[in-house]
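Working notes, beginning with the structure itself.
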Amino acid sequence: MKNNKFTLERNENGKSLLITCYFAALVSRVWDAWTKSALLEMWWAPKPWKTETKTMDMRPGGLWLYTMCGPDGEKHWSRADIITVDPVNCLIIDQAFCDENGSINTSLPKMRWAITFAQEGENTKVSVEITCDKPEDLRTMVEMGMEQGFEMALGNLDGML
């Protein structure tokens, strides 16, 4: 991200990434950007891709089913199963690739995202730990461009805020 500190560290176990970034906004505003579909759609996909939500139920046991739409009409479906919602503090989701009905594609890795939010003066610190079951799964995600894509999406969020 061009205006804020952004760090990405790979855990020595080879199964997780820790991303830390800061946004010049109140924690409540950053939280909303992560938990409201209309706002998520504005930043989640790296440009020129767009995000479209099919359904969102942001509570434990709920689901965010969405697609990333490419400039040539491609669609890549994902689902985020909501595990924990602690407003303005923590969000934990299990993310998987799927079809438009939410049926999980078992040939691609699943990931657990633990996202924490903290107000630090006029800024909000967001820490995202992304964990896969095996080091090979994380390697697959990195090879698919997850690090660069997520950094670009966070840049979108930075610009939106």
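Ordering of the structure tokens sets the chain letters (A, B, ...); residue numbers start at 1 within each chain; ligands are numbered from 1 in the order shown.
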
Helix (DSSP H, G or I) residues, from DSSP on the backbone, in range 38-154 of chain A, as number ranges by chain: A: 38-43, 135-143, 146-154

Residue neighbourhood Asn101 in chain A, 10 Å, only C-alpha atoms, exclusion window fewer than 4 positions, as a list of chain:residue names: A:Lys54, A:Leu65, A:Tyr66, A:Trp77, A:Ser78, A:Arg79

Pick from A:Ser107, A:Thr84, A:Thr67, A:Ser127 nearest to Glu9 in chain A, counting only C-alpha atoms: A:Ser127

Who sits within 9 Å of range 24-33 of chain A, only C-alpha atoms, same chain under 3 positions skipped, as a ChimeraX atom specification: /A:4,36-40,42-43,87-90,117-126,157-158,161

Å distance separating CA of Arg59 in chain A from CA of Ala80 in chain A, one decimal place: 11.2 Å
